[in-house]
Structures are given as C-alpha cells and as structure tokens.
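Below is one structure, written out as structure tokens; the observations come after it.
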Amino acid sequence: MHGWALIRDYCRLVIILPTANIIWCMVHRGDGTNIALRARTMKKLYTLFLAFSILFTAVKVARAQKNEKKELNKAAVENNVSDVTTELTAHSKDAIFDKTARYTFLVNNNYSTTQSGKVSYQITDQFNKVLRTDSVHISLAGRSSHSYDFTMPELKSGFYKVNFMINVSDYDDTTRRVFGIRPEEIKSAYSKPADFDKFWQDTKAQLAKVKPNFKVTEKPELEKDKRKVFLIEMKSYGNKTIYLWLTEPEHHQKYQHFPVLIMLPGYQATNIPLMGRDDDMAFVGLDPRGQGLSKKDLDMRREDYIVAGLEDKDKYIMRGIIMDCIRAVDFVFSRPELSHDRIAVTGGSMGGYLSIATAALDKRVTICAPQNPFLSDIYNMDRGAVEWPINYMRKYASVAADLTFTKVLDNLQYYDTKNFATTITCPVVMGIGLLDPFVPPNNSYAVYNNINSKKKLFVFKDLGHEVGDKYYRYETLYTRDYFGLW
C-alpha cells in the first residue's frame, strides 16, 4: 500500500472511530447484550486503528530515512568523497625491482565510524599459481587515514601478479597490479626452430615471384591538411589483391624525398588515410589480407581469422599477412618521391607483431616501433597465462580434423615474435603495459631481450593492452631526429 493511501485511511479512522462510539452509545444504552457486543466490536476497531497507526509511523520513518540517504549521497557526490578510498604505490617508478618488491597501501576512512578488518595481499606467477599471501589487521578511526607498508619476499627473475585486498566493516575492494624482478634476465625456455630462417627465406622468394602490379589512384575527395591521398592496389603473396593508403605533402621540391612511416594495423582493424600537418613525411597505411579493403579477396569471421590455415605452418594466414607488409616496403621503393633509406614501421598489438616481423625480415626498414606485440613467447601463453587467442586455438584444434593442440603450438613457433626479434638490426622503440591480458610482461620481455640492436623500452605499470602518451611523444621525436627532420 502506498504511503498516501495509508495516511488517508488513518485520517478516516481518527474521525470515524470516536463518532461510531458516540452513536452506538446513544442507540443501545441500557442493553447489556448490546453493550457487550459493542465492546467486542470497538475492540476490533481499535485494534485495526492501532495497526494502521503503526503502518503510518513505519512509512513516515522509512521516507525520512530515504530522504536522509539521498542527502548524504548528494553531499558525497558533490564533495567527491567515497566511504573508503585506497591508494597503492609501488616503491619503484615502473614497478620493477632488483630483489624484493615494496608497496605502500594508503587507506582513507571517510566514515564517521571506526572501520575494522584486514589488508592483505596475494602473489601469483604468470600461470596464476599462488606463491605467497600475507595480511595485517587494521582498526581505522572515523575520518582518518593510515598507510601500511609491505615488503614482498625475494623472488626469482620474472613478473608476478599481486592483488591487494581490503576487507573492513563496511567496505571490500581489490587492487590488481603486476611487478617485475630483474626482467632483463628473462629468457624463453623455448628456442626457435632450426629451419626458421630458411622457412622465411623461402617465403620471401615466393613473394618475389609475384609481380606487384601497383595501381595508384589519387583520391582528391579525401584530401585535406595540404596532403595528397592515394589508394594503392597491388598483388602479394599467393597472388592476393591487397590495398594500402599513401598520403604525402602536397608540395615538395623537385629532388626532395619524403621519409616514410608505415602504419601496420591491429587485429581485424581497418586503416584509413593518415593525415596530419607534417609537411616533410609520407604515411602508408596497410590493410593486409582479410582486413579492411583487403577483405575482398579473403573475408571470414573475426574469430576465425587468427586460426585460418593453422593446421599447416606453410598455409597459416600470418605467413601471407607478413608478406603483405614486405610488399608495402616494395611499394615505397617503387616511388621516386619517397625516401628509400628512411622507412619506419609501427603498430600496436598485431601491428606491433607485424612491425617486428617486418623489420626482422626486411633490412630496408630503418626504425621499428612496436607496442604490445602479440603472439610473443607462444609456449608460455598457455597454462592460464592468457585466454585469447590460445583458448580459441585450443578449441579449434579440438574440432579440426587430424590436428592436435601440440601441433598448433609447434606450427606457431615459426610465427613467434621472439623468434623474429633475434635478427632485427635497426633501432627499436618498444612500449608495453604490465597489466596486459593478451601479452603479459614476461612474454614481452622474452621478445625485448632477444633484440640485439639499439633499443629502448617504455613500461607502463598501470596500463593493459596499450601504452601512454609518453611513448608516442618519444617515438615521434626519436623518428624525426633519426630521419634528420627538424
């Protein structure tokens, strides 16, 4: 029953009950039987009256409490104050330590009452095996703060997940982080196949037999920022038709050659003409087979893309995709206005992977700038380290004829990022996030530590499958400086 209906009935009872009592007395005075009946009836009526009175009071109290809660919530929002807030600080800029990791866990109690309970942590390895737990009991007075310092036990080289948990009277929460111990020592236990280099030499030889037949079409309707836009159609590995975009400054001197930045896409992403106000660089955006404009020759479901042809290392889709990147470099060399000795490749996730593979297989690339490269140290992506794409590959192996998951992992060794990294000779600027669910830092470092050329790594301890602005600023400035652009 709604509150206003209760109030209405209450008011009716207040008026009706006394009136009924008076009338009954006037009509039935002197009759003992009627008096007894009246007494019983009035008792029932007064009981009903009492029940409605209690309900009315309850509604009134509930409404008052609701209004009070609304006011408190409003004040909390206006003052940007939660009931309890926490802040976790690593005693290292990148959460990377020599022997022992150290953290400070700050707890702010914004309640007026004391909060009692515990703060605890749990350390697991990359495969989610619990290595250590510990806790401290806390009792934090209202409107107060306190910091709790934690020193982890010594651990061997590698990266570890750590969950900090707070469980107090009126609040529970978990903060998830990752820290590293001497990551420069990380090496994969799995070496590349003995015929890895020959496999890719043969693949490049097959690509060289396919005439590119570059077809360049200017797209004036897309031009802006004083940049010309061209759509390029070309033939690549397996005689597949591939597309890429070229944008370059509108005006240039007769003998000027523009340095080139080749943008390699993420998984199932589509490149668009890259603009910008750089009047001294050209940009190339590739759509490899099965992505963007290049789906015309090879279209499939998003989830099936990563496993296409996985039964046979010679037919795996990544073989052709990597060759599409090499063909993009071929295109740069076909253009007289583009520089042939200042070519950078960059991209994130699959684009980072392709950047490393391209720089490894094609020495015409002069700078490699990958972010969060996937398919890194593939054997160590299994056993719970990551879910995608390993779990989908396992599922695919279970339904594909004459295919086992072991065979899948063996085939993927010819496509492992860490195995490409060993042959890179150009400078590398790489960025990773420690909370990356697809490329854990153990896997990223297995790649980075295999690079023997000049290199620099940016680590973002609070980011996942991404990197921060600091990386992009450095990459831009470093590339321009390396290319002699002022």
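Residue numbers start at 1 in each chain; chains themselves are named A, B, ... in the order of the structure tokens; ligands are numbered from 1 in the order shown.
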Who sits within 12 Å of Thr151 in chain A, only C-alpha atoms, same chain under 3 positions skipped, as a PyMOL selection string: chain A and resi 90-91+97+99-105+121+123+132-135+148+154-155
Print the selection's residues with N, CA and C atoms to a file, as a PDB file, in the first residue's frame.
ATOM      1  N   ALA A  90      53.767   1.745  -5.676  1.00  0.00           N
ATOM      2  CA  ALA A  90      54.960   0.902  -5.771  1.00  0.00           C
ATOM      3  C   ALA A  90      56.188   1.746  -5.463  1.00  0.00           C
ATOM      4  N   HIS A  91      57.145   1.172  -4.762  1.00  0.00           N
ATOM      5  CA  HIS A  91      58.375   1.899  -4.412  1.00  0.00           C
ATOM      6  C   HIS A  91      59.384   1.805  -5.553  1.00  0.00           C
ATOM      7  N   PHE A  97      61.819  -4.201  -9.704  1.00  0.00           N
ATOM      8  CA  PHE A  97      62.697  -4.214  -8.544  1.00  0.00           C
ATOM      9  C   PHE A  97      63.879  -5.157  -8.774  1.00  0.00           C
ATOM     10  N   LYS A  99      65.452  -7.188  -6.091  1.00  0.00           N
ATOM     11  CA  LYS A  99      65.268  -8.443  -5.352  1.00  0.00           C
ATOM     12  C   LYS A  99      63.879  -8.555  -4.736  1.00  0.00           C
ATOM     13  N   THR A 100      63.476  -7.518  -4.010  1.00  0.00           N
ATOM     14  CA  THR A 100      62.196  -7.568  -3.311  1.00  0.00           C
ATOM     15  C   THR A 100      61.321  -6.387  -3.731  1.00  0.00           C
ATOM     16  N   ALA A 101      60.058  -6.658  -3.924  1.00  0.00           N
ATOM     17  CA  ALA A 101      59.102  -5.598  -4.263  1.00  0.00           C
ATOM     18  C   ALA A 101      58.566  -4.978  -2.985  1.00  0.00           C
ATOM     19  N   ARG A 102      58.358  -3.660  -3.016  1.00  0.00           N
ATOM     20  CA  ARG A 102      57.838  -2.943  -1.848  1.00  0.00           C
ATOM     21  C   ARG A 102      56.695  -2.043  -2.290  1.00  0.00           C
ATOM     22  N   TYR A 103      55.624  -2.057  -1.505  1.00  0.00           N
ATOM     23  CA  TYR A 103      54.445  -1.251  -1.778  1.00  0.00           C
ATOM     24  C   TYR A 103      53.968  -0.555  -0.501  1.00  0.00           C
ATOM     25  N   THR A 104      53.289   0.569  -0.700  1.00  0.00           N
ATOM     26  CA  THR A 104      52.578   1.241   0.389  1.00  0.00           C
ATOM     27  C   THR A 104      51.106   1.308   0.021  1.00  0.00           C
ATOM     28  N   PHE A 105      50.258   0.867   0.968  1.00  0.00           N
ATOM     29  CA  PHE A 105      48.810   0.830   0.751  1.00  0.00           C
ATOM     30  C   PHE A 105      48.163   1.841   1.688  1.00  0.00           C
ATOM     31  N   TYR A 121      47.550  -9.262   0.930  1.00  0.00           N
ATOM     32  CA  TYR A 121      47.995  -9.357  -0.461  1.00  0.00           C
ATOM     33  C   TYR A 121      48.190 -10.828  -0.823  1.00  0.00           C
ATOM     34  N   ILE A 123      50.303 -13.055  -3.973  1.00  0.00           N
ATOM     35  CA  ILE A 123      51.202 -13.051  -5.127  1.00  0.00           C
ATOM     36  C   ILE A 123      51.008 -14.348  -5.908  1.00  0.00           C
ATOM     37  N   ARG A 132      52.530 -16.609  -2.475  1.00  0.00           N
ATOM     38  CA  ARG A 132      52.662 -16.026  -1.128  1.00  0.00           C
ATOM     39  C   ARG A 132      51.419 -15.209  -0.790  1.00  0.00           C
ATOM     40  N   THR A 133      50.968 -15.293   0.454  1.00  0.00           N
ATOM     41  CA  THR A 133      49.898 -14.437   0.959  1.00  0.00           C
ATOM     42  C   THR A 133      50.318 -13.893   2.325  1.00  0.00           C
ATOM     43  N   ASP A 134      49.814 -12.732   2.654  1.00  0.00           N
ATOM     44  CA  ASP A 134      50.088 -12.137   3.964  1.00  0.00           C
ATOM     45  C   ASP A 134      49.014 -11.090   4.242  1.00  0.00           C
ATOM     46  N   SER A 135      48.852 -10.729   5.519  1.00  0.00           N
ATOM     47  CA  SER A 135      47.824  -9.745   5.868  1.00  0.00           C
ATOM     48  C   SER A 135      48.181  -9.048   7.170  1.00  0.00           C
ATOM     49  N   TYR A 148      50.056   1.520   5.119  1.00  0.00           N
ATOM     50  CA  TYR A 148      50.572   0.212   5.514  1.00  0.00           C
ATOM     51  C   TYR A 148      51.649  -0.198   4.508  1.00  0.00           C
ATOM     52  N   GLU A 154      61.789 -12.342  -1.367  1.00  0.00           N
ATOM     53  CA  GLU A 154      62.628 -12.382  -2.553  1.00  0.00           C
ATOM     54  C   GLU A 154      62.101 -13.419  -3.545  1.00  0.00           C
ATOM     55  N   LEU A 155      62.124 -13.057  -4.811  1.00  0.00           N
ATOM     56  CA  LEU A 155      61.624 -13.929  -5.865  1.00  0.00           C
ATOM     57  C   LEU A 155      62.632 -13.974  -7.002  1.00  0.00           C
TER      58      LEU A 155
END
Hey, what's within 10 Å of Leu457 in chain A if we count only C-alpha atoms and toss same-chain stuff fewer than 4 positions away? As a list of chain:residue names, please? A:Ala369, A:Pro370, A:Gln371, A:Val428, A:Val429, A:Met430, A:Gly431, A:Ile432, A:Tyr445, A:Tyr448, A:Tyr471
Excluding Thr86 in chain A and any residue of its chain fewer than 6 positions from it, enumerate the residues within 9 Å of it, using only C-alpha atoms, and give them as a ChimeraX atom specification. /A:105-109,166,173,175
Would you mind writing down, as a PyMOL selection string, each residue of range 176-246 of chain A that DSSP on the backbone assigns to alpha helix (DSSP H)? chain A and resi 196-208
Would you save the residues of that selection, restricted to N, CA and C atoms, as a compact mmCIF listing (two decimals), in the first residue's frame?
# COMPACT_ATOMS: atom_id res chain seq x y z
N PHE A 196 64.00 -22.09 -39.04
CA PHE A 196 63.20 -20.86 -39.01
C PHE A 196 63.63 -19.88 -40.09
N ASP A 197 64.91 -19.57 -40.15
CA ASP A 197 65.41 -18.59 -41.12
C ASP A 197 65.19 -19.07 -42.56
N LYS A 198 65.42 -20.34 -42.80
CA LYS A 198 65.21 -20.87 -44.16
C LYS A 198 63.74 -20.81 -44.55
N PHE A 199 62.87 -21.08 -43.59
CA PHE A 199 61.43 -21.03 -43.85
C PHE A 199 61.04 -19.66 -44.39
N TRP A 200 61.57 -18.61 -43.78
CA TRP A 200 61.19 -17.26 -44.19
C TRP A 200 61.96 -16.80 -45.44
N GLN A 201 63.15 -17.30 -45.64
CA GLN A 201 63.86 -17.01 -46.90
C GLN A 201 63.09 -17.59 -48.09
N ASP A 202 62.60 -18.80 -47.91
CA ASP A 202 61.80 -19.43 -48.97
C ASP A 202 60.50 -18.68 -49.20
N THR A 203 59.91 -18.20 -48.13
CA THR A 203 58.65 -17.45 -48.25
C THR A 203 58.87 -16.15 -49.02
N LYS A 204 59.93 -15.43 -48.70
CA LYS A 204 60.24 -14.19 -49.41
C LYS A 204 60.55 -14.46 -50.89
N ALA A 205 61.17 -15.59 -51.15
CA ALA A 205 61.47 -15.95 -52.54
C ALA A 205 60.18 -16.19 -53.33
N GLN A 206 59.21 -16.78 -52.67
CA GLN A 206 57.91 -16.98 -53.31
C GLN A 206 57.20 -15.66 -53.57
N LEU A 207 57.31 -14.72 -52.63
CA LEU A 207 56.72 -13.40 -52.81
C LEU A 207 57.35 -12.70 -54.01
N ALA A 208 58.67 -12.81 -54.13
CA ALA A 208 59.40 -12.12 -55.21
C ALA A 208 58.94 -12.57 -56.59
Would you list the contacts of range 245-254 of chain A as a PDB file with N, CA and C atoms, in the first residue's frame, taking every protein, DNA or RNA residue within 9 Å and counting only C-alpha atoms, but skipping same-chain residues closer than 2 positions in sequence?
ATOM      1  N   GLU A 223      41.312  14.470 -49.723  1.00  0.00           N
ATOM      2  CA  GLU A 223      42.499  15.255 -49.407  1.00  0.00           C
ATOM      3  C   GLU A 223      42.184  16.441 -48.506  1.00  0.00           C
ATOM      4  N   ASP A 225      44.432  19.051 -45.170  1.00  0.00           N
ATOM      5  CA  ASP A 225      45.702  19.368 -44.498  1.00  0.00           C
ATOM      6  C   ASP A 225      46.865  19.471 -45.486  1.00  0.00           C
ATOM      7  N   LYS A 226      46.549  19.883 -46.719  1.00  0.00           N
ATOM      8  CA  LYS A 226      47.552  20.040 -47.765  1.00  0.00           C
ATOM      9  C   LYS A 226      48.325  18.752 -48.016  1.00  0.00           C
ATOM     10  N   ARG A 227      47.581  17.613 -47.954  1.00  0.00           N
ATOM     11  CA  ARG A 227      48.190  16.312 -48.224  1.00  0.00           C
ATOM     12  C   ARG A 227      47.433  15.614 -49.347  1.00  0.00           C
ATOM     13  N   LYS A 228      48.169  15.023 -50.264  1.00  0.00           N
ATOM     14  CA  LYS A 228      47.582  14.223 -51.320  1.00  0.00           C
ATOM     15  C   LYS A 228      47.274  12.819 -50.779  1.00  0.00           C
ATOM     16  N   VAL A 229      46.208  12.228 -51.290  1.00  0.00           N
ATOM     17  CA  VAL A 229      45.790  10.896 -50.853  1.00  0.00           C
ATOM     18  C   VAL A 229      45.739   9.967 -52.056  1.00  0.00           C
ATOM     19  N   PHE A 230      46.351   8.793 -51.913  1.00  0.00           N
ATOM     20  CA  PHE A 230      46.351   7.800 -52.986  1.00  0.00           C
ATOM     21  C   PHE A 230      45.921   6.445 -52.432  1.00  0.00           C
ATOM     22  N   LEU A 231      45.101   5.739 -53.181  1.00  0.00           N
ATOM     23  CA  LEU A 231      44.751   4.355 -52.873  1.00  0.00           C
ATOM     24  C   LEU A 231      45.566   3.459 -53.791  1.00  0.00           C
ATOM     25  N   ILE A 232      46.270   2.505 -53.190  1.00  0.00           N
ATOM     26  CA  ILE A 232      47.148   1.621 -53.967  1.00  0.00           C
ATOM     27  C   ILE A 232      46.594   0.206 -53.927  1.00  0.00           C
ATOM     28  N   TYR A 243      45.402  -3.854 -50.501  1.00  0.00           N
ATOM     29  CA  TYR A 243      45.263  -2.402 -50.632  1.00  0.00           C
ATOM     30  C   TYR A 243      46.009  -1.683 -49.513  1.00  0.00           C
ATOM     31  N   GLN A 256      63.312  16.377 -53.584  1.00  0.00           N
ATOM     32  CA  GLN A 256      63.023  16.031 -52.190  1.00  0.00           C
ATOM     33  C   GLN A 256      62.465  14.613 -52.104  1.00  0.00           C
ATOM     34  N   HIS A 257      62.945  13.876 -51.120  1.00  0.00           N
ATOM     35  CA  HIS A 257      62.454  12.516 -50.890  1.00  0.00           C
ATOM     36  C   HIS A 257      61.885  12.449 -49.469  1.00  0.00           C
ATOM     37  N   PHE A 258      60.621  12.067 -49.373  1.00  0.00           N
ATOM     38  CA  PHE A 258      59.961  12.054 -48.066  1.00  0.00           C
ATOM     39  C   PHE A 258      60.274  10.780 -47.283  1.00  0.00           C
ATOM     40  N   ASN A 271      42.660   0.335 -41.764  1.00  0.00           N
ATOM     41  CA  ASN A 271      43.426   1.565 -41.880  1.00  0.00           C
ATOM     42  C   ASN A 271      42.669   2.597 -42.716  1.00  0.00           C
ATOM     43  N   ILE A 272      42.904   3.848 -42.419  1.00  0.00           N
ATOM     44  CA  ILE A 272      42.343   4.951 -43.186  1.00  0.00           C
ATOM     45  C   ILE A 272      43.494   5.867 -43.583  1.00  0.00           C
ATOM     46  N   PRO A 273      43.275   6.751 -44.556  1.00  0.00           N
ATOM     47  CA  PRO A 273      44.358   7.681 -44.926  1.00  0.00           C
ATOM     48  C   PRO A 273      44.810   8.491 -43.709  1.00  0.00           C
ATOM     49  N   LEU A 274      46.084   8.441 -43.416  1.00  0.00           N
ATOM     50  CA  LEU A 274      46.628   9.132 -42.255  1.00  0.00           C
ATOM     51  C   LEU A 274      46.997  10.560 -42.632  1.00  0.00           C
ATOM     52  N   MET A 275      46.360  11.490 -41.929  1.00  0.00           N
ATOM     53  CA  MET A 275      46.617  12.901 -42.204  1.00  0.00           C
ATOM     54  C   MET A 275      47.613  13.461 -41.201  1.00  0.00           C
ATOM     55  N   ARG A 277      49.773  17.409 -40.040  1.00  0.00           N
ATOM     56  CA  ARG A 277      50.349  18.622 -40.612  1.00  0.00           C
ATOM     57  C   ARG A 277      51.853  18.503 -40.890  1.00  0.00           C
ATOM     58  N   ASP A 278      52.368  17.265 -40.822  1.00  0.00           N
ATOM     59  CA  ASP A 278      53.781  17.068 -41.149  1.00  0.00           C
ATOM     60  C   ASP A 278      53.986  17.319 -42.647  1.00  0.00           C
ATOM     61  N   ASP A 279      54.720  18.362 -42.974  1.00  0.00           N
ATOM     62  CA  ASP A 279      54.931  18.685 -44.384  1.00  0.00           C
ATOM     63  C   ASP A 279      56.239  18.107 -44.913  1.00  0.00           C
ATOM     64  N   ASP A 280      56.787  17.151 -44.138  1.00  0.00           N
ATOM     65  CA  ASP A 280      58.074  16.582 -44.544  1.00  0.00           C
ATOM     66  C   ASP A 280      58.102  15.061 -44.423  1.00  0.00           C
ATOM     67  N   MET A 281      56.919  14.420 -44.240  1.00  0.00           N
ATOM     68  CA  MET A 281      56.865  12.963 -44.146  1.00  0.00           C
ATOM     69  C   MET A 281      55.683  12.418 -44.933  1.00  0.00           C
ATOM     70  N   ALA A 282      55.840  11.192 -45.427  1.00  0.00           N
ATOM     71  CA  ALA A 282      54.755  10.466 -46.084  1.00  0.00           C
ATOM     72  C   ALA A 282      54.300   9.336 -45.158  1.00  0.00           C
ATOM     73  N   PHE A 283      53.008   9.017 -45.237  1.00  0.00           N
ATOM     74  CA  PHE A 283      52.436   7.975 -44.391  1.00  0.00           C
ATOM     75  C   PHE A 283      51.802   6.887 -45.256  1.00  0.00           C
ATOM     76  N   VAL A 284      52.072   5.648 -44.884  1.00  0.00           N
ATOM     77  CA  VAL A 284      51.485   4.496 -45.569  1.00  0.00           C
ATOM     78  C   VAL A 284      50.670   3.700 -44.555  1.00  0.00           C
ATOM     79  N   GLY A 285      49.413   3.415 -44.897  1.00  0.00           N
ATOM     80  CA  GLY A 285      48.549   2.604 -44.036  1.00  0.00           C
ATOM     81  C   GLY A 285      48.132   1.347 -44.777  1.00  0.00           C
ATOM     82  N   LEU A 286      48.557   0.184 -44.280  1.00  0.00           N
ATOM     83  CA  LEU A 286      48.320  -1.087 -44.968  1.00  0.00           C
ATOM     84  C   LEU A 286      47.100  -1.808 -44.417  1.00  0.00           C
ATOM     85  N   ASP A 287      46.282  -2.339 -45.326  1.00  0.00           N
ATOM     86  CA  ASP A 287      45.238  -3.305 -44.979  1.00  0.00           C
ATOM     87  C   ASP A 287      45.687  -4.667 -45.491  1.00  0.00           C
ATOM     88  N   GLU A 337      59.498   9.735 -55.212  1.00  0.00           N
ATOM     89  CA  GLU A 337      59.423  10.843 -54.251  1.00  0.00           C
ATOM     90  C   GLU A 337      59.554  10.381 -52.800  1.00  0.00           C
TER      91      GLU A 337
END
Residue contacts of Lys156 in chain A (12 Å, only C-alpha atoms) excluding same-chain residues fewer than 2 positions away, as a ChimeraX atom specification: /A:97-101,125,131,153-154,158-160,180-186
Could you save the residues just selected, with C-alpha atoms, as a short mmCIF file (atom, residue, chain, number, x, y, z; two decimals), in the first residue's frame?
data_model
loop_
_atom_site.label_atom_id
_atom_site.label_comp_id
_atom_site.auth_asym_id
_atom_site.auth_seq_id
_atom_site.Cartn_x
_atom_site.Cartn_y
_atom_site.Cartn_z
CA PHE A 97 62.70 -4.21 -8.54
CA ASP A 98 66.07 -5.85 -8.04
CA LYS A 99 65.27 -8.44 -5.35
CA THR A 100 62.20 -7.57 -3.31
CA ALA A 101 59.10 -5.60 -4.26
CA ASP A 125 53.01 -16.25 -11.04
CA LEU A 131 53.18 -18.12 -4.26
CA PRO A 153 59.72 -11.98 -0.15
CA GLU A 154 62.63 -12.38 -2.55
CA GLY A 158 60.25 -12.58 -13.76
CA PHE A 159 56.93 -10.81 -13.40
CA TYR A 160 54.32 -11.52 -10.75
CA GLY A 180 58.88 -7.36 -12.02
CA ILE A 181 62.10 -8.73 -10.57
CA ARG A 182 65.22 -8.25 -12.75
CA PRO A 183 63.30 -8.65 -16.04
CA GLU A 184 66.48 -8.11 -18.04
CA GLU A 185 67.31 -11.72 -17.15
CA ILE A 186 64.13 -13.17 -18.67
#
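Looking only at range 319-473 of chain A, the set that DSSP places in strand (DSSP E) from backbone geometry is Leu338, Ser339, His340, Asp341, Arg342, Ile343, Ala344, Val345, Thr346, Gly347, Gly348, Ile367, Cys368, Ala369, Pro370, Gln371, Val428, Val429, Met430, Gly431, Ile432, Gly433, Lys455, Lys456, Leu457, Phe458, Val459 and Phe460 of chain A.
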With the cut-off set at 10 Å and counting only C-alpha atoms, tabulate each residue of range 445-479 of chain A with an atom at most that distance from an atom of range 412-418 of chain A, showing the nearest atom pair and its distance in Å to one decimal, ordered by chain and increasing number, as CSV.
residue,atom,partner,partner_atom,distance
A:Tyr445,CA,A:Lys418,CA,9.0
A:Ala446,CA,A:Lys418,CA,6.3
A:Val447,CA,A:Lys418,CA,4.2
A:Tyr448,CA,A:Lys418,CA,7.7
A:Asn449,CA,A:Lys418,CA,8.6
A:Asn450,CA,A:Lys418,CA,6.4
A:Ile451,CA,A:Lys418,CA,8.4
Selection file, C-alpha atoms, as an mmCIF file, in the first residue's frame:
data_model
loop_
_atom_site.group_PDB
_atom_site.id
_atom_site.type_symbol
_atom_site.label_atom_id
_atom_site.label_comp_id
_atom_site.auth_asym_id
_atom_site.auth_seq_id
_atom_site.Cartn_x
_atom_site.Cartn_y
_atom_site.Cartn_z
ATOM 1 C CA TYR A 445 60.454 -9.188 -22.171
ATOM 2 C CA ALA A 446 61.216 -12.536 -23.821
ATOM 3 C CA VAL A 447 60.898 -10.609 -27.086
ATOM 4 C CA TYR A 448 62.687 -7.430 -25.982
ATOM 5 C CA ASN A 449 65.633 -9.312 -24.503
ATOM 6 C CA ASN A 450 66.093 -11.120 -27.827
ATOM 7 C CA ILE A 451 66.633 -7.840 -29.699
#
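With CA of Arg327 in chain A on one side and CA of Leu293 in chain A on the other, the separation reads 15.9 Å.
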Interatomic distance (Å, one decimal) between CA of Ser116 in chain A and CA of Ser169 in chain A: 5.5 Å
Counting only C-alpha atoms, which residues in range 326-403 of chain A sit no more than 6 Å from range 438-444 of chain A? For each one, give the nearest pair of atoms and the distance in Å, sorted by chain then residue number, as CSV.
residue,atom,partner,partner_atom,distance
A:Phe374,CA,A:Val439,CA,5.8
A:Ser376,CA,A:Asn443,CA,5.5
A:Asp377,CA,A:Asn443,CA,5.4
A:Val386,CA,A:Phe438,CA,5.8
